[in-house]
Amino acid sequence: NWSNIKSLPKCDKLFCFSSVPPLDVKILGYKSSVNTGESYTITCESHGSRPPADLTWWRNEEQLSITDYKVVKQSERSSSHLTLKVSRRDNSAVIACHAVNHKLPASPVEDSHLLNILYPPEAQLRVGHNMNLSNIKEGDDVYFECQVDANPKVTNVNFFKNGVLFSHDLASGIIKSNQSLVLQHVSRTSSGNYSCEASNIMGTDTSNTRHLNVMFKPVCAPGQKHIYGSGRYKATNITCQVESYPEATVFRWAFNTSVKLFDIPEEKTTTGVGHSLVLHTPHSQQDFGSLLCWAVNDVGKQIEPCIFRVVPATVPDPVQNCSIFHNASAMGVLVVHCDPGWNGGLPQRFTLEVNRLLEGQLVESLIEDGEPEFIVTGLAPGTDYTIVVGAVNSQGSSDLKIMQFITPIDVAEKQTSPGLTPEDAMFSWTPIFGVLLGVAFSLIVCFIAMIVLVRSKGTTRTHMNSTTTDLQEREKLNKQESEHSNSNKSISDPDIILFKDEAVAKSFHQSPSSTLKIKKQSIRTASCSLTDKDKTIIKVNHEVPIVVLQQKLQSITN
């Protein structure tokens, strides 16, 4: 047989050679796991082949290009190194090394290794089967699933709506289980952008976003005006705005009296997408009342109507709850904030005036169209101001809110600034000096008055001790003193008797015998206020006869 002859070993003079298949092949240097993106080098070795075996590398039964590796042959040993830069697609791939004697191709041997590539999650949000997110109505159930590709497995999966984390809440119809989310009986508030997030030890990934827009019947839009002020024969535009999905394009208007509803003809209305306008003109007192508005979309008719009241227009109510804030970082700056009152059914504006309290000088005047909030600048420190806030519309002005505020004195302003001239510095101190001088002057006057009173009491006591005789002797003494009244003898220790009006002086003139009694009364009525214009000052000497004193009083009263 010719084939058997070809397979016979070849011999030379001394030795006889035969072809021997490889005894084994092994992959060395492999790891149990490799992170994605890393370079990974493994080695394949084969022994016992004669001649040395040919080595080839395979991935999932697909031979790699010979340009990716080299084979080294020595005697009966063959080896090869393979370097791979692994990615997530290499996970679970089978890398194999085949060893074969090319003379014995029917006897190959191989070794293989399963790659374990670690990589962070890739998340994708999907909706439930046979579910169309564009056709979800209020009351329907919605199912989301977060599909994740990750190695190792994910440890945490979360769902988000508009970036806000969802929590499991069975009472609210929110059911979270593993990698799924169920929303039961959705409402219009369930509309939004949904996503999921998955995490493992390699990292975190956020999925794509799915938009859910729940279809619902029209409802009144928030923030619209519901009270309108009007007058007889004055046309008023009233706007009804609704929210719905899809948008409403059909509206119905009616006027509500105390008895029944009257539908308003369509020709008196103007309808757009999501809104409608009616022109209402009161002709009598019965035309003031409530207007009702309903809207219709593809889901159905609005259940609760929007209600608008038409009332006789009036002046606005005054502002309320006003607060004044002083900006500590900016001297002379005030922030005034108030709550607006009812606008009287008409658009209103807000006014503010700032006046100096003492001079009544207008310092600032401001107008705001939106909210009653004002910023006042340029106020002097340590000054009393009146702040007046009011509201005004086309019918007139509201009652004014009047407040008083004293601006604080900056500590730095208590010292004369180097940039001020001496005259400016003296002028800035003038009010303080005036107060101090006034206080000092009052103290001095009171001190002098007290000394005079004390000395007057001492003189009176001495005089009373010296008059031990009866009334006739005292009158005799007074007559003697009257004869010497024209002399240049000095008058010592005068009393200051203050009469608050001339009636006291006249009573003194009418009762000359009560000199001592009047003196005591005068002492009790003495005061430190020496500058009162309604007081008559009389100097009395204890040694002057009553007749002379009466003449002096008579001259004063005349």
# chains A, B, ... in the order shown; residues from 1 in each chain; ligands from 1

call {"tool": "residues_around", "arguments": {"residues": "A:Pro105", "least_positions_apart": "6", "cutoff": "12 Å", "atoms": "only C-alpha atoms", "output": "NGL selection string"}}
result
:A and (19-22 or 49 or 53-54 or 98-99)

call {"tool": "write_last_selection", "arguments": {"atoms": "all heavy atoms", "output": "tab-separated table (two decimals), in the first residue's frame"}}
result
chain	number	residue	atom	x	y	z
A	19	SER	N	7.14	10.81	12.47
A	19	SER	CA	6.29	11.95	12.85
A	19	SER	C	5.46	11.57	14.06
A	19	SER	O	4.78	10.53	14.07
A	19	SER	CB	5.37	12.34	11.68
A	19	SER	OG	6.13	12.81	10.60
A	20	VAL	N	5.50	12.47	15.10
A	20	VAL	CA	4.79	12.22	16.36
A	20	VAL	C	3.87	13.42	16.63
A	20	VAL	O	4.32	14.57	16.56
A	20	VAL	CB	5.76	12.02	17.52
A	20	VAL	CG1	5.01	11.80	18.83
A	20	VAL	CG2	6.69	10.87	17.22
A	21	PRO	N	2.59	13.16	16.93
A	21	PRO	CA	1.68	14.28	17.24
A	21	PRO	C	2.03	14.91	18.59
A	21	PRO	O	2.71	14.29	19.40
A	21	PRO	CB	0.30	13.62	17.26
A	21	PRO	CG	0.57	12.21	17.61
A	21	PRO	CD	1.90	11.83	16.99
A	22	PRO	N	1.56	16.15	18.85
A	22	PRO	CA	1.84	16.80	20.14
A	22	PRO	C	1.19	16.03	21.29
A	22	PRO	O	0.08	15.52	21.16
A	22	PRO	CB	1.25	18.20	19.99
A	22	PRO	CG	0.26	18.08	18.88
A	22	PRO	CD	0.77	17.01	17.96
A	49	SER	N	5.62	17.16	20.10
A	49	SER	CA	5.35	16.99	18.68
A	49	SER	C	6.66	16.88	17.92
A	49	SER	O	7.64	17.58	18.21
A	49	SER	CB	4.54	18.17	18.15
A	49	SER	OG	4.32	18.03	16.77
A	53	ALA	N	4.92	21.37	16.83
A	53	ALA	CA	3.55	21.59	16.38
A	53	ALA	C	3.33	23.04	15.94
A	53	ALA	O	4.00	23.98	16.39
A	53	ALA	CB	2.59	21.25	17.51
A	54	ASP	N	2.42	23.15	15.04
A	54	ASP	CA	1.95	24.47	14.64
A	54	ASP	C	0.85	24.93	15.63
A	54	ASP	O	-0.04	24.12	15.98
A	54	ASP	CB	1.39	24.44	13.23
A	54	ASP	CG	2.47	24.13	12.19
A	54	ASP	OD1	3.64	24.50	12.45
A	54	ASP	OD2	2.13	23.53	11.16
A	98	HIS	N	-4.94	25.84	19.44
A	98	HIS	CA	-4.85	24.53	18.78
A	98	HIS	C	-3.39	24.23	18.46
A	98	HIS	O	-2.68	25.11	17.93
A	98	HIS	CB	-5.66	24.50	17.49
A	98	HIS	CG	-7.13	24.58	17.71
A	98	HIS	ND1	-8.05	24.45	16.67
A	98	HIS	CD2	-7.88	24.77	18.82
A	98	HIS	CE1	-9.26	24.56	17.15
A	98	HIS	NE2	-9.18	24.75	18.46
A	99	ALA	N	-2.99	22.98	18.76
A	99	ALA	CA	-1.63	22.51	18.40
A	99	ALA	C	-1.78	21.29	17.48
A	99	ALA	O	-2.51	20.34	17.80
A	99	ALA	CB	-0.85	22.14	19.65

call {"tool": "closest_residue", "arguments": {"among": "A:Gly173, A:Gly37, A:Gly360, A:Pro408", "to": "A:Ile387", "atoms": "only C-alpha atoms"}}
result
A:Gly360

call {"tool": "residues_around", "arguments": {"residues": "A:Val250", "least_positions_apart": "6", "cutoff": "12 Å", "atoms": "only C-alpha atoms", "output": "NGL selection string"}}
result
:A and (218 or 240-242 or 244 or 266 or 269-277 or 293-298 or 300-302)

call {"tool": "select_by_dssp", "arguments": {"residues": "stretch 153-320 of chain A", "states": "strand (DSSP E)", "output": "MDAnalysis selection string"}}
result
chainID A and resid 156:161 164:165 174:177 180:183 192:200 203:206 210:212 216:220 227:230 236:245 250:256 261:263 269:272 275:280 289:296 306:312 320

call {"tool": "write_last_selection", "arguments": {"atoms": "C-alpha atoms", "output": "PDB file, in the first residue's frame"}}
result
ATOM      1  CA  ASN A 156     -29.115  48.490  42.716  1.00  0.00           C
ATOM      2  CA  VAL A 157     -31.736  49.725  40.219  1.00  0.00           C
ATOM      3  CA  ASN A 158     -33.633  53.010  40.688  1.00  0.00           C
ATOM      4  CA  PHE A 159     -36.335  54.773  38.706  1.00  0.00           C
ATOM      5  CA  PHE A 160     -36.683  58.523  38.249  1.00  0.00           C
ATOM      6  CA  LYS A 161     -39.324  60.981  37.086  1.00  0.00           C
ATOM      7  CA  VAL A 164     -36.573  62.812  41.101  1.00  0.00           C
ATOM      8  CA  LEU A 165     -36.133  59.375  42.664  1.00  0.00           C
ATOM      9  CA  ILE A 174     -46.218  53.056  42.881  1.00  0.00           C
ATOM     10  CA  ILE A 175     -44.867  49.488  42.846  1.00  0.00           C
ATOM     11  CA  LYS A 176     -41.140  48.911  42.416  1.00  0.00           C
ATOM     12  CA  SER A 177     -39.935  45.310  42.037  1.00  0.00           C
ATOM     13  CA  SER A 180     -39.523  46.966  36.987  1.00  0.00           C
ATOM     14  CA  LEU A 181     -41.819  49.834  37.912  1.00  0.00           C
ATOM     15  CA  VAL A 182     -45.630  49.804  37.873  1.00  0.00           C
ATOM     16  CA  LEU A 183     -47.768  52.975  38.080  1.00  0.00           C
ATOM     17  CA  GLY A 192     -43.121  63.553  32.770  1.00  0.00           C
ATOM     18  CA  ASN A 193     -39.782  62.110  31.702  1.00  0.00           C
ATOM     19  CA  TYR A 194     -38.930  58.692  33.111  1.00  0.00           C
ATOM     20  CA  SER A 195     -35.531  56.996  33.354  1.00  0.00           C
ATOM     21  CA  CYS A 196     -33.760  54.305  35.341  1.00  0.00           C
ATOM     22  CA  GLU A 197     -30.300  53.957  36.864  1.00  0.00           C
ATOM     23  CA  ALA A 198     -28.317  50.772  37.471  1.00  0.00           C
ATOM     24  CA  SER A 199     -25.158  50.246  39.558  1.00  0.00           C
ATOM     25  CA  ASN A 200     -22.558  47.559  40.212  1.00  0.00           C
ATOM     26  CA  GLY A 203     -19.892  51.937  38.071  1.00  0.00           C
ATOM     27  CA  THR A 204     -23.325  53.433  37.425  1.00  0.00           C
ATOM     28  CA  ASP A 205     -25.257  54.108  34.258  1.00  0.00           C
ATOM     29  CA  THR A 206     -28.419  56.083  33.522  1.00  0.00           C
ATOM     30  CA  ARG A 210     -39.131  57.888  27.997  1.00  0.00           C
ATOM     31  CA  HIS A 211     -41.754  60.630  28.018  1.00  0.00           C
ATOM     32  CA  LEU A 212     -45.198  59.881  29.432  1.00  0.00           C
ATOM     33  CA  PHE A 216     -56.952  64.124  30.647  1.00  0.00           C
ATOM     34  CA  LYS A 217     -60.112  66.237  30.446  1.00  0.00           C
ATOM     35  CA  PRO A 218     -59.844  70.047  30.674  1.00  0.00           C
ATOM     36  CA  VAL A 219     -59.433  71.714  34.073  1.00  0.00           C
ATOM     37  CA  CYS A 220     -59.141  75.397  35.006  1.00  0.00           C
ATOM     38  CA  ILE A 227     -62.796  88.736  39.746  1.00  0.00           C
ATOM     39  CA  TYR A 228     -63.407  91.553  37.270  1.00  0.00           C
ATOM     40  CA  GLY A 229     -64.492  95.062  38.142  1.00  0.00           C
ATOM     41  CA  SER A 230     -66.792  96.787  35.717  1.00  0.00           C
ATOM     42  CA  THR A 236     -65.235  93.879  29.959  1.00  0.00           C
ATOM     43  CA  ASN A 237     -63.100  91.134  28.357  1.00  0.00           C
ATOM     44  CA  ILE A 238     -63.104  87.964  30.464  1.00  0.00           C
ATOM     45  CA  THR A 239     -60.638  85.184  29.587  1.00  0.00           C
ATOM     46  CA  CYS A 240     -61.054  81.502  30.447  1.00  0.00           C
ATOM     47  CA  GLN A 241     -57.874  79.384  30.334  1.00  0.00           C
ATOM     48  CA  VAL A 242     -57.807  75.611  30.778  1.00  0.00           C
ATOM     49  CA  GLU A 243     -55.202  72.859  30.948  1.00  0.00           C
ATOM     50  CA  SER A 244     -55.778  69.591  29.090  1.00  0.00           C
ATOM     51  CA  TYR A 245     -54.157  66.956  26.899  1.00  0.00           C
ATOM     52  CA  VAL A 250     -64.410  73.859  22.103  1.00  0.00           C
ATOM     53  CA  PHE A 251     -65.803  76.118  24.869  1.00  0.00           C
ATOM     54  CA  ARG A 252     -69.205  76.889  26.372  1.00  0.00           C
ATOM     55  CA  TRP A 253     -70.079  80.069  28.303  1.00  0.00           C
ATOM     56  CA  ALA A 254     -73.052  80.767  30.589  1.00  0.00           C
ATOM     57  CA  PHE A 255     -74.211  83.573  32.893  1.00  0.00           C
ATOM     58  CA  ASN A 256     -75.442  82.514  36.322  1.00  0.00           C
ATOM     59  CA  LEU A 261     -78.162  79.706  33.770  1.00  0.00           C
ATOM     60  CA  PHE A 262     -78.272  81.641  30.516  1.00  0.00           C
ATOM     61  CA  ASP A 263     -76.016  80.384  27.726  1.00  0.00           C
ATOM     62  CA  THR A 269     -67.003  84.661  22.353  1.00  0.00           C
ATOM     63  CA  THR A 270     -63.573  84.213  20.798  1.00  0.00           C
ATOM     64  CA  THR A 271     -62.012  80.760  21.120  1.00  0.00           C
ATOM     65  CA  GLY A 272     -58.412  79.659  20.681  1.00  0.00           C
ATOM     66  CA  HIS A 275     -58.520  79.487  25.981  1.00  0.00           C
ATOM     67  CA  SER A 276     -61.673  81.444  25.237  1.00  0.00           C
ATOM     68  CA  LEU A 277     -62.691  85.092  25.655  1.00  0.00           C
ATOM     69  CA  VAL A 278     -66.128  86.611  26.206  1.00  0.00           C
ATOM     70  CA  LEU A 279     -67.124  90.303  26.014  1.00  0.00           C
ATOM     71  CA  HIS A 280     -69.563  91.091  28.846  1.00  0.00           C
ATOM     72  CA  GLY A 289     -72.826  88.169  38.744  1.00  0.00           C
ATOM     73  CA  SER A 290     -70.960  84.997  37.755  1.00  0.00           C
ATOM     74  CA  LEU A 291     -69.852  83.764  34.341  1.00  0.00           C
ATOM     75  CA  LEU A 292     -69.161  80.036  33.892  1.00  0.00           C
ATOM     76  CA  CYS A 293     -66.858  78.423  31.334  1.00  0.00           C
ATOM     77  CA  TRP A 294     -66.555  74.748  30.222  1.00  0.00           C
ATOM     78  CA  ALA A 295     -64.068  73.271  27.730  1.00  0.00           C
ATOM     79  CA  VAL A 296     -64.113  70.019  25.701  1.00  0.00           C
ATOM     80  CA  CYS A 306     -64.241  77.899  35.667  1.00  0.00           C
ATOM     81  CA  ILE A 307     -66.137  80.656  37.514  1.00  0.00           C
ATOM     82  CA  PHE A 308     -65.561  84.378  37.000  1.00  0.00           C
ATOM     83  CA  ARG A 309     -67.288  87.112  39.021  1.00  0.00           C
ATOM     84  CA  VAL A 310     -68.187  90.507  37.548  1.00  0.00           C
ATOM     85  CA  VAL A 311     -68.572  93.087  40.317  1.00  0.00           C
ATOM     86  CA  PRO A 312     -68.979  96.888  40.381  1.00  0.00           C
ATOM     87  CA  GLN A 320     -51.209  94.865  54.438  1.00  0.00           C
TER      88      GLN A 320
END

call {"tool": "atom_distance", "arguments": {"atom1": "atom CA of A:Phe405", "atom2": "atom CA of A:Arg356"}}
result
9.9 Å

call {"tool": "residues_around", "arguments": {"residues": "A:Gln404", "least_positions_apart": "3", "cutoff": "12 Å", "atoms": "only C-alpha atoms", "output": "ChimeraX atom specification"}}
result
/A:322-324,336,353-358,383-389,401,407

call {"tool": "write_last_selection", "arguments": {"atoms": "N, CA and C atoms", "output": "compact mmCIF listing (two decimals), in the first residue's frame"}}
result
# COMPACT_ATOMS: atom_id res chain seq x y z
N CYS A 322 -46.99 95.21 56.10
CA CYS A 322 -45.79 95.87 55.58
C CYS A 322 -44.60 95.64 56.51
N SER A 323 -43.45 95.46 55.91
CA SER A 323 -42.20 95.28 56.66
C SER A 323 -41.14 96.17 56.05
N ILE A 324 -40.28 96.68 56.91
CA ILE A 324 -39.17 97.53 56.48
C ILE A 324 -37.88 96.85 56.90
N VAL A 336 -38.74 97.96 51.41
CA VAL A 336 -40.10 98.00 51.95
C VAL A 336 -40.93 96.97 51.20
N GLU A 353 -43.97 106.92 49.15
CA GLU A 353 -43.36 108.23 49.38
C GLU A 353 -42.59 108.20 50.68
N VAL A 354 -41.42 108.80 50.68
CA VAL A 354 -40.58 108.90 51.87
C VAL A 354 -40.37 110.37 52.17
N ASN A 355 -40.70 110.79 53.40
CA ASN A 355 -40.58 112.18 53.82
C ASN A 355 -39.76 112.25 55.11
N ARG A 356 -39.02 113.34 55.24
CA ARG A 356 -38.37 113.62 56.53
C ARG A 356 -39.45 113.98 57.54
N LEU A 357 -39.37 113.39 58.73
CA LEU A 357 -40.43 113.55 59.71
C LEU A 357 -40.51 114.99 60.20
N LEU A 358 -39.39 115.63 60.50
CA LEU A 358 -39.40 116.97 61.09
C LEU A 358 -39.71 118.03 60.05
N THR A 383 -31.86 109.49 61.09
CA THR A 383 -32.90 110.46 60.72
C THR A 383 -34.27 109.78 60.76
N ASP A 384 -35.27 110.54 61.25
CA ASP A 384 -36.65 110.05 61.28
C ASP A 384 -37.30 110.27 59.92
N TYR A 385 -37.93 109.21 59.40
CA TYR A 385 -38.63 109.30 58.13
C TYR A 385 -40.04 108.75 58.29
N THR A 386 -40.97 109.30 57.53
CA THR A 386 -42.29 108.69 57.39
C THR A 386 -42.36 108.03 56.02
N ILE A 387 -42.85 106.80 56.00
CA ILE A 387 -42.95 106.02 54.77
C ILE A 387 -44.43 105.75 54.52
N VAL A 388 -44.92 106.16 53.36
CA VAL A 388 -46.33 106.07 53.03
C VAL A 388 -46.48 105.17 51.80
N VAL A 389 -47.28 104.09 51.93
CA VAL A 389 -47.50 103.15 50.84
C VAL A 389 -48.99 103.12 50.54
N LYS A 401 -51.04 103.47 53.95
CA LYS A 401 -50.33 102.82 55.05
C LYS A 401 -49.15 103.70 55.42
N THR A 407 -33.46 105.70 60.57
CA THR A 407 -32.30 105.03 60.00
C THR A 407 -31.20 104.94 61.05

call {"tool": "residues_around", "arguments": {"residues": "A:Cys44", "least_positions_apart": "3", "cutoff": "8 Å", "atoms": "only C-alpha atoms", "output": "ChimeraX atom specification"}}
result
/A:25-28,55,79-81,97

call {"tool": "residues_around", "arguments": {"residues": "stretch 363-380 of chain A", "least_positions_apart": "3", "cutoff": "6 Å", "atoms": "only C-alpha atoms", "output": "number ranges by chain"}}
result
A: 332-338, 349-355

call {"tool": "atom_distance", "arguments": {"atom1": "atom CA of A:Glu110", "atom2": "atom CA of A:Thr56"}}
result
9.4 Å

call {"tool": "atom_distance", "arguments": {"atom1": "atom CA of A:Asn132", "atom2": "atom CA of A:Glu304"}}
result
29.0 Å

call {"tool": "select_by_dssp", "arguments": {"residues": "stretch 158-363 of chain A", "states": "helix (DSSP H, G or I)", "output": "JSON, numbers by chain"}}
result
{"A": [170, 171, 172, 188, 189, 190, 266, 267, 268, 285, 286, 287]}

call {"tool": "write_last_selection", "arguments": {"atoms": "N, CA, C and O atoms", "output": "tab-separated table (two decimals), in the first residue's frame"}}
result
chain	number	residue	atom	x	y	z
A	170	LEU	N	-47.04	51.74	47.87
A	170	LEU	CA	-48.19	50.96	47.42
A	170	LEU	C	-49.48	51.77	47.56
A	170	LEU	O	-50.38	51.67	46.71
A	171	ALA	N	-49.59	52.59	48.62
A	171	ALA	CA	-50.81	53.39	48.82
A	171	ALA	C	-51.02	54.38	47.69
A	171	ALA	O	-52.15	54.72	47.35
A	172	SER	N	-49.93	54.87	47.09
A	172	SER	CA	-50.03	55.83	45.98
A	172	SER	C	-50.02	55.14	44.63
A	172	SER	O	-49.98	55.82	43.60
A	188	ARG	N	-52.96	63.11	35.55
A	188	ARG	CA	-52.19	64.07	34.76
A	188	ARG	C	-50.89	64.46	35.45
A	188	ARG	O	-49.93	64.86	34.78
A	189	THR	N	-50.85	64.34	36.78
A	189	THR	CA	-49.59	64.64	37.47
A	189	THR	C	-48.53	63.58	37.24
A	189	THR	O	-47.36	63.79	37.58
A	190	SER	N	-48.92	62.44	36.65
A	190	SER	CA	-47.95	61.38	36.35
A	190	SER	C	-47.16	61.68	35.09
A	190	SER	O	-46.18	60.97	34.79
A	266	GLU	N	-72.31	82.02	20.89
A	266	GLU	CA	-70.92	81.86	20.45
A	266	GLU	C	-70.40	83.11	19.76
A	266	GLU	O	-69.19	83.36	19.78
A	267	GLU	N	-71.27	83.87	19.14
A	267	GLU	CA	-70.79	85.08	18.44
A	267	GLU	C	-70.24	86.12	19.40
A	267	GLU	O	-69.54	87.05	18.97
A	268	LYS	N	-70.55	85.99	20.69
A	268	LYS	CA	-69.98	86.92	21.68
A	268	LYS	C	-68.69	86.40	22.29
A	268	LYS	O	-68.16	87.03	23.21
A	285	GLN	N	-78.13	96.28	37.25
A	285	GLN	CA	-77.54	95.66	38.42
A	285	GLN	C	-77.61	94.13	38.33
A	285	GLN	O	-76.76	93.43	38.88
A	286	GLN	N	-78.62	93.60	37.60
A	286	GLN	CA	-78.76	92.16	37.46
A	286	GLN	C	-77.68	91.55	36.57
A	286	GLN	O	-77.49	90.33	36.56
A	287	ASP	N	-76.97	92.39	35.81
A	287	ASP	CA	-75.92	91.88	34.93
A	287	ASP	C	-74.59	91.70	35.64
A	287	ASP	O	-73.62	91.25	35.02

call {"tool": "closest_residue", "arguments": {"among": "A:Asp169, A:Asp399, A:Asp149, A:Glu359", "to": "A:Val319", "atoms": "only C-alpha atoms"}}
result
A:Asp399

call {"tool": "decode", "arguments": {"residues": "stretch 434-455 of chain A", "atoms": "N, CA and C atoms", "output": "mmCIF file, in the first residue's frame"}}
result
data_model
loop_
_atom_site.group_PDB
_atom_site.id
_atom_site.type_symbol
_atom_site.label_atom_id
_atom_site.label_comp_id
_atom_site.auth_asym_id
_atom_site.auth_seq_id
_atom_site.Cartn_x
_atom_site.Cartn_y
_atom_site.Cartn_z
ATOM 1 N N GLY A 434 -26.420 120.744 70.322
ATOM 2 C CA GLY A 434 -27.607 121.453 70.773
ATOM 3 C C GLY A 434 -28.327 120.705 71.880
ATOM 4 N N VAL A 435 -28.429 119.387 71.734
ATOM 5 C CA VAL A 435 -29.082 118.593 72.772
ATOM 6 C C VAL A 435 -28.293 118.654 74.073
ATOM 7 N N LEU A 436 -26.968 118.488 73.963
ATOM 8 C CA LEU A 436 -26.128 118.500 75.172
ATOM 9 C C LEU A 436 -26.197 119.844 75.884
ATOM 10 N N LEU A 437 -26.141 120.937 75.106
ATOM 11 C CA LEU A 437 -26.196 122.260 75.725
ATOM 12 C C LEU A 437 -27.547 122.499 76.391
ATOM 13 N N GLY A 438 -28.624 122.035 75.754
ATOM 14 C CA GLY A 438 -29.948 122.191 76.357
ATOM 15 C C GLY A 438 -30.063 121.469 77.679
ATOM 16 N N VAL A 439 -29.517 120.229 77.726
ATOM 17 C CA VAL A 439 -29.557 119.464 78.979
ATOM 18 C C VAL A 439 -28.736 120.158 80.062
ATOM 19 N N ALA A 440 -27.538 120.645 79.682
ATOM 20 C CA ALA A 440 -26.681 121.320 80.672
ATOM 21 C C ALA A 440 -27.336 122.594 81.192
ATOM 22 N N PHE A 441 -27.955 123.374 80.304
ATOM 23 C CA PHE A 441 -28.599 124.609 80.725
ATOM 24 C C PHE A 441 -29.749 124.321 81.695
ATOM 25 N N SER A 442 -30.534 123.301 81.402
ATOM 26 C CA SER A 442 -31.647 122.953 82.295
ATOM 27 C C SER A 442 -31.158 122.550 83.668
ATOM 28 N N LEU A 443 -30.073 121.774 83.721
ATOM 29 C CA LEU A 443 -29.516 121.352 85.016
ATOM 30 C C LEU A 443 -29.034 122.553 85.820
ATOM 31 N N ILE A 444 -28.366 123.507 85.141
ATOM 32 C CA ILE A 444 -27.850 124.691 85.842
ATOM 33 C C ILE A 444 -28.996 125.523 86.406
ATOM 34 N N VAL A 445 -30.056 125.720 85.618
ATOM 35 C CA VAL A 445 -31.197 126.517 86.079
ATOM 36 C C VAL A 445 -31.864 125.860 87.274
ATOM 37 N N CYS A 446 -32.024 124.540 87.208
ATOM 38 C CA CYS A 446 -32.641 123.831 88.335
ATOM 39 C C CYS A 446 -31.780 123.932 89.592
ATOM 40 N N PHE A 447 -30.464 123.855 89.422
ATOM 41 C CA PHE A 447 -29.556 123.959 90.568
ATOM 42 C C PHE A 447 -29.673 125.337 91.224
ATOM 43 N N ILE A 448 -29.707 126.393 90.400
ATOM 44 C CA ILE A 448 -29.820 127.760 90.947
ATOM 45 C C ILE A 448 -31.143 127.931 91.675
ATOM 46 N N ALA A 449 -32.212 127.404 91.093
ATOM 47 C CA ALA A 449 -33.523 127.534 91.720
ATOM 48 C C ALA A 449 -33.562 126.827 93.061
ATOM 49 N N MET A 450 -32.917 125.671 93.155
ATOM 50 C CA MET A 450 -32.897 124.932 94.413
ATOM 51 C C MET A 450 -32.152 125.725 95.484
ATOM 52 N N ILE A 451 -31.025 126.356 95.102
ATOM 53 C CA ILE A 451 -30.269 127.170 96.066
ATOM 54 C C ILE A 451 -31.128 128.326 96.566
ATOM 55 N N VAL A 452 -31.826 128.975 95.632
ATOM 56 C CA VAL A 452 -32.671 130.111 96.015
ATOM 57 C C VAL A 452 -33.772 129.663 96.965
ATOM 58 N N LEU A 453 -34.368 128.522 96.703
ATOM 59 C CA LEU A 453 -35.435 128.021 97.564
ATOM 60 C C LEU A 453 -34.921 127.703 98.960
ATOM 61 N N VAL A 454 -33.738 127.063 99.012
ATOM 62 C CA VAL A 454 -33.170 126.715 100.328
ATOM 63 C C VAL A 454 -32.875 127.971 101.136
ATOM 64 N N ARG A 455 -32.235 128.966 100.496
ATOM 65 C CA ARG A 455 -31.914 130.202 101.192
ATOM 66 C C ARG A 455 -33.187 130.944 101.590
#
